[in-house]
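Asker: This is the structure I have questions about; it appears just below.
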Amino acid sequence: MNSQVTAHRPQGCAKVSARSLSVHYGEKHALQAVDLDIRAGEVTALIGPSGCGKSTFLRCINRMNDMVEGAKVSGSLTLDGSDIYDRALDVVQLRARVGMVFQKPNPFPKSIYDNIAYGPRIHGLARDQNELDEIVMTSLERAGLLAEVKDRLTESGTSLSGGQQQRLCIARAIAVGPEVILMDEPCSALDPIATAKVEELIDDLRENYTIVIVTHSMQQAARVSQRTAFFHLGKLIEVSDTEQIFTNPQQPLTQGYITGRFG
Ligand SMILES: Nc1ncnc2c1ncn2[C@@H]1O[C@H](COP(=O)(O)OP(=O)(O)OP(=O)(O)O)[C@@H](O)[C@H]1O
């Protein structure tokens, strides 16, 4: 636990907890008083029409919105009960605890090995070369990529296929020992076979990590998540067990979206 994080009363058993979370981009009120708990050890899918605030919510959790000029976050957002927006919080440490995988695979223009070793080196996680090798191998193994790349660790990460690059990025996130992994449409640039592999991987990872995934695909949300949150025009309309959202949504707006009446 980051000692720089101010302790607050934990909110239930939630890993991440938002209360009245709002985000403005200048005049634009992109996220409006959202209350949402993300449970540990589960995959939570964020769904909703384009521009409804899914990515904005996701980016609050590792403070990626800090980099957006004019972005203003208010309300409360906690990780294990500690304020993510505490001024004293070390954002580099936060991003080690809360990793992120983006829409487009973005390996560094470095070797496969160095892509994974980069984070552990920066954070001083290995005492020697053997420990670093161990972290690299374990991360590749967990990301389901080791068998495919073990003989080409010195080749560039960019030489891999799109699906392999995305699993490399997941391995890179895993390498620094995160607790939460944020995924922003991680399969939208992948073909169906690569998508299936990443989805399988997400399912394997959920035992050890708390995963939040933004997806445009309702089929994907139904396949990979245990909880689903539906957003509309910056508001959280409904959050529930995924099965309930897709079979018996309580809100007319959710019903309209999942049946394709708008979106
Ligand atoms: N940097 C920014 N500056 C100004 N407005 C922004 C910025 N980023 C997002 N917005 C606006 O905030 C709202 C929410 O955007 P966000 O990207 O969170 O939506 P989303 O649900 O993830 O959309 P999509 O599914 O299209 O990715 C949108 O109206 C968007 O135009």
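Every chain in the structure tokens has a letter given in the order shown (A, B, ...), and although residue numbers restart at 1 in each chain, ligands are simply numbered from 1 in the order shown.
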Please, which residues in chain A fall within 6 Å of ligand 1 when counting only C-alpha atoms and all ligand atoms, and what is the closest atom pair and distance in Å to one decimal for each, ordered by chain then residue number, as JSON lines?

Answerer:
{"residue": "A:Tyr25", "atom": "CA", "partner": "ligand 1", "partner_atom_place_in_ligand_line": "4 (C)", "distance": 4.8}
{"residue": "A:Ala30", "atom": "CA", "partner": "ligand 1", "partner_atom_place_in_ligand_line": "12 (O)", "distance": 4.4}
{"residue": "A:Ser50", "atom": "CA", "partner": "ligand 1", "partner_atom_place_in_ligand_line": "26 (O)", "distance": 3.6}
{"residue": "A:Gly51", "atom": "CA", "partner": "ligand 1", "partner_atom_place_in_ligand_line": "19 (O)", "distance": 3.4}
{"residue": "A:Cys52", "atom": "CA", "partner": "ligand 1", "partner_atom_place_in_ligand_line": "21 (O)", "distance": 3.8}
{"residue": "A:Gly53", "atom": "CA", "partner": "ligand 1", "partner_atom_place_in_ligand_line": "18 (O)", "distance": 3.3}
{"residue": "A:Lys54", "atom": "CA", "partner": "ligand 1", "partner_atom_place_in_ligand_line": "21 (O)", "distance": 4.0}
{"residue": "A:Ser55", "atom": "CA", "partner": "ligand 1", "partner_atom_place_in_ligand_line": "22 (O)", "distance": 3.6}
{"residue": "A:Thr56", "atom": "CA", "partner": "ligand 1", "partner_atom_place_in_ligand_line": "18 (O)", "distance": 3.6}
{"residue": "A:Val68", "atom": "CA", "partner": "ligand 1", "partner_atom_place_in_ligand_line": "1 (N)", "distance": 5.5}

Asker: Can you write just those residues out, N, CA and C atoms, as a short mmCIF file (atom, residue, chain, number, x, y, z; two decimals), in the first residue's frame?

Answerer:
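Contents of again04.cif, as written:
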data_model
loop_
_atom_site.label_atom_id
_atom_site.label_comp_id
_atom_site.auth_asym_id
_atom_site.auth_seq_id
_atom_site.Cartn_x
_atom_site.Cartn_y
_atom_site.Cartn_z
N TYR A 25 -14.74 18.80 -18.93
CA TYR A 25 -13.68 19.22 -19.86
C TYR A 25 -14.07 20.63 -20.27
N ALA A 30 -18.78 15.94 -18.69
CA ALA A 30 -18.67 14.63 -19.34
C ALA A 30 -19.11 13.47 -18.44
N SER A 50 -21.50 6.01 -27.80
CA SER A 50 -20.32 6.84 -27.97
C SER A 50 -20.49 8.19 -27.26
N GLY A 51 -19.47 8.58 -26.52
CA GLY A 51 -19.49 9.88 -25.86
C GLY A 51 -20.21 9.90 -24.51
N CYS A 52 -20.61 8.73 -24.01
CA CYS A 52 -21.39 8.69 -22.76
C CYS A 52 -20.51 8.82 -21.51
N GLY A 53 -19.18 8.74 -21.67
CA GLY A 53 -18.30 8.95 -20.53
C GLY A 53 -17.59 7.71 -20.02
N LYS A 54 -17.67 6.61 -20.75
CA LYS A 54 -17.03 5.36 -20.31
C LYS A 54 -15.52 5.54 -20.13
N SER A 55 -14.87 6.08 -21.19
CA SER A 55 -13.41 6.22 -21.12
C SER A 55 -13.03 7.26 -20.08
N THR A 56 -13.85 8.28 -19.95
CA THR A 56 -13.57 9.32 -18.95
C THR A 56 -13.56 8.69 -17.55
N VAL A 68 -5.06 15.84 -19.41
CA VAL A 68 -5.95 16.53 -20.35
C VAL A 68 -6.16 17.97 -19.87
#

Asker: A:Ala147: which residues within 12 Å, counting only C-alpha atoms, same-chain residues fewer than 5 positions away excluded, as a ChimeraX atom specification?

Answerer: /A:137-138,140-142,152-153,164

Asker: Could I get the residues of stretch 141-214 of chain A with an atom no further than 7 Å from an atom of stretch 111-132 of chain A, each paired with its nearest atom pair and that distance in Å to one decimal, using only C-alpha atoms, sorted by chain and residue number, as a tab-separated table?

Answerer:
residue	atom	partner	partner_atom	distance
A:Leu153	CA	A:Ile112	CA	5.0
A:Thr154	CA	A:Ser111	CA	5.0
A:Glu155	CA	A:Ser111	CA	5.1
A:Ser156	CA	A:Ser111	CA	4.1
A:Gly157	CA	A:Ile112	CA	4.6
A:Ala171	CA	A:Ile116	CA	6.6
A:Arg172	CA	A:Ile116	CA	4.6
A:Ala175	CA	A:Ile116	CA	6.3
A:Val176	CA	A:Pro120	CA	5.5

Asker: Neighbours of A:Pro249 within 12 Å (only C-alpha atoms; same-chain residues fewer than 6 positions away dropped), as a PDB file with N, CA and C atoms, in the first residue's frame?

Answerer:
ATOM      1  N   THR A 228     -21.763  -5.325 -15.126  1.00  0.00           N
ATOM      2  CA  THR A 228     -21.809  -4.383 -16.245  1.00  0.00           C
ATOM      3  C   THR A 228     -22.436  -3.076 -15.770  1.00  0.00           C
ATOM      4  N   ALA A 229     -21.787  -1.982 -16.182  1.00  0.00           N
ATOM      5  CA  ALA A 229     -22.312  -0.651 -15.865  1.00  0.00           C
ATOM      6  C   ALA A 229     -22.688   0.025 -17.177  1.00  0.00           C
ATOM      7  N   PHE A 230     -23.925   0.512 -17.253  1.00  0.00           N
ATOM      8  CA  PHE A 230     -24.397   1.174 -18.472  1.00  0.00           C
ATOM      9  C   PHE A 230     -24.437   2.692 -18.256  1.00  0.00           C
ATOM     10  N   ILE A 237     -26.496   4.894 -15.611  1.00  0.00           N
ATOM     11  CA  ILE A 237     -27.929   4.587 -15.595  1.00  0.00           C
ATOM     12  C   ILE A 237     -28.210   3.346 -14.764  1.00  0.00           C
ATOM     13  N   GLU A 238     -27.362   2.339 -14.914  1.00  0.00           N
ATOM     14  CA  GLU A 238     -27.638   1.083 -14.224  1.00  0.00           C
ATOM     15  C   GLU A 238     -26.363   0.270 -14.107  1.00  0.00           C
ATOM     16  N   VAL A 239     -26.175  -0.360 -12.954  1.00  0.00           N
ATOM     17  CA  VAL A 239     -25.070  -1.307 -12.796  1.00  0.00           C
ATOM     18  C   VAL A 239     -25.611  -2.541 -12.106  1.00  0.00           C
ATOM     19  N   SER A 240     -25.212  -3.689 -12.616  1.00  0.00           N
ATOM     20  CA  SER A 240     -25.745  -4.926 -12.048  1.00  0.00           C
ATOM     21  C   SER A 240     -24.901  -6.105 -12.525  1.00  0.00           C
ATOM     22  N   ASP A 241     -25.276  -7.314 -12.075  1.00  0.00           N
ATOM     23  CA  ASP A 241     -24.624  -8.498 -12.613  1.00  0.00           C
ATOM     24  C   ASP A 241     -24.853  -8.501 -14.128  1.00  0.00           C
ATOM     25  N   THR A 242     -23.832  -8.919 -14.850  1.00  0.00           N
ATOM     26  CA  THR A 242     -23.906  -8.858 -16.314  1.00  0.00           C
ATOM     27  C   THR A 242     -25.131  -9.599 -16.847  1.00  0.00           C
ATOM     28  N   GLU A 243     -25.395 -10.754 -16.273  1.00  0.00           N
ATOM     29  CA  GLU A 243     -26.526 -11.541 -16.762  1.00  0.00           C
ATOM     30  C   GLU A 243     -27.837 -10.759 -16.617  1.00  0.00           C
ATOM     31  N   GLN A 255     -32.546  -1.044 -21.411  1.00  0.00           N
ATOM     32  CA  GLN A 255     -33.312  -1.939 -22.289  1.00  0.00           C
ATOM     33  C   GLN A 255     -33.207  -1.482 -23.746  1.00  0.00           C
ATOM     34  N   GLY A 256     -33.375  -0.171 -23.951  1.00  0.00           N
ATOM     35  CA  GLY A 256     -33.312   0.383 -25.304  1.00  0.00           C
ATOM     36  C   GLY A 256     -31.940   0.169 -25.931  1.00  0.00           C
ATOM     37  N   TYR A 257     -30.909   0.325 -25.123  1.00  0.00           N
ATOM     38  CA  TYR A 257     -29.545   0.182 -25.659  1.00  0.00           C
ATOM     39  C   TYR A 257     -29.230  -1.275 -25.981  1.00  0.00           C
ATOM     40  N   ILE A 258     -29.545  -2.169 -25.054  1.00  0.00           N
ATOM     41  CA  ILE A 258     -29.140  -3.565 -25.308  1.00  0.00           C
ATOM     42  C   ILE A 258     -29.987  -4.226 -26.398  1.00  0.00           C
ATOM     43  N   THR A 259     -31.158  -3.673 -26.649  1.00  0.00           N
ATOM     44  CA  THR A 259     -31.961  -4.237 -27.737  1.00  0.00           C
ATOM     45  C   THR A 259     -31.706  -3.507 -29.054  1.00  0.00           C
TER      46      THR A 259
END

Asker: Could you check which of A:Ile245, A:Ile84, A:Val214, A:Leu94 is closest to A:Arg227, using only C-alpha atoms?

Answerer: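 Of A:Ile245, A:Ile84, A:Val214, A:Leu94, the one nearest A:Arg227 is A:Ile245, counting only C-alpha atoms.
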
Asker: Could you check the closest approach to A:Ile61 for each of A:Leu31, A:Leu201, A:Val43, A:Val180 and tell me which residue wins, using only C-alpha atoms?

Answerer: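 Result for the nearest residue to A:Ile61: A:Val180.
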
Asker: DSSP on the backbone: which residues in stretch 3-63 of chain A end up as strand (DSSP E or B)? Give the answer as a PyMOL selection string.

Answerer: chain A and resi 7+14-25+28-39+43-47

Asker: Calculate how many Å separate atom CA of A:Pro109 from atom CA of A:Leu168, rounding to one decimal.

Answerer: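 That distance, rounded to one decimal, is 12.4 Å.
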
Asker: Enter the distance from atom CA of A:Ala33 to atom CA of A:Asp80, in Å, rounded to one decimal.

Answerer: 20.1 Å

Asker: Kindly give the distance, in Å, that separates atom CA of A:Leu145 and atom CA of A:Gln93, rounded to a single decimal.

Answerer: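 The value is 26.1 Å.
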
Asker: So which bits of stretch 98-226 of chain A end up helix (DSSP H, G or I) when you DSSP the backbone, as number ranges by chain?

Answerer: A: 112-122, 129-142, 146-149, 157-159, 162-174, 192-205, 218-224

Asker: In terms of the shortest atom-to-atom distance over only C-alpha atoms, which of A:Val224, A:Ala96, A:Val149, A:Cys187 is closest to A:Leu205?

Answerer: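 Closest residue, counting only C-alpha atoms: A:Val224.
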
Asker: Residues near A:Val92, anyone? I mean within 10 Å using only C-alpha atoms, not counting same-chain ones fewer than 3 positions away, as a list of chain:residue names.

Answerer: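 After dropping sequence-adjacent residues, the list is A:Asn62, A:Arg63, A:Leu89, A:Arg95, A:Ala96, A:Arg97, A:Val98, A:His123.
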
Asker: Would you export the selected residues with N, CA and C atoms as a short mmCIF file (atom, residue, chain, number, x, y, z; two decimals), in the first residue's frame, please?

Answerer:
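The new file selection_7.cif reads:
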data_model
loop_
_atom_site.label_atom_id
_atom_site.label_comp_id
_atom_site.auth_asym_id
_atom_site.auth_seq_id
_atom_site.Cartn_x
_atom_site.Cartn_y
_atom_site.Cartn_z
N ASN A 62 -6.79 5.84 -13.01
CA ASN A 62 -5.33 5.98 -12.88
C ASN A 62 -4.86 7.41 -13.19
N ARG A 63 -5.81 8.31 -13.09
CA ARG A 63 -5.54 9.75 -13.24
C ARG A 63 -4.93 10.12 -14.58
N LEU A 89 -0.54 12.10 -3.27
CA LEU A 89 -0.37 10.77 -3.88
C LEU A 89 0.66 10.82 -5.01
N ARG A 95 -0.05 4.46 -10.86
CA ARG A 95 -0.14 3.81 -12.18
C ARG A 95 0.55 2.45 -12.20
N ALA A 96 1.42 2.18 -11.20
CA ALA A 96 1.95 0.83 -11.07
C ALA A 96 0.87 -0.08 -10.47
N ARG A 97 0.06 0.48 -9.59
CA ARG A 97 -1.02 -0.32 -8.97
C ARG A 97 -2.21 -0.46 -9.89
N VAL A 98 -2.38 0.54 -10.75
CA VAL A 98 -3.52 0.55 -11.67
C VAL A 98 -2.98 0.64 -13.10
N HIS A 123 10.82 0.80 -11.54
CA HIS A 123 10.32 0.70 -10.16
C HIS A 123 11.27 -0.08 -9.25
#
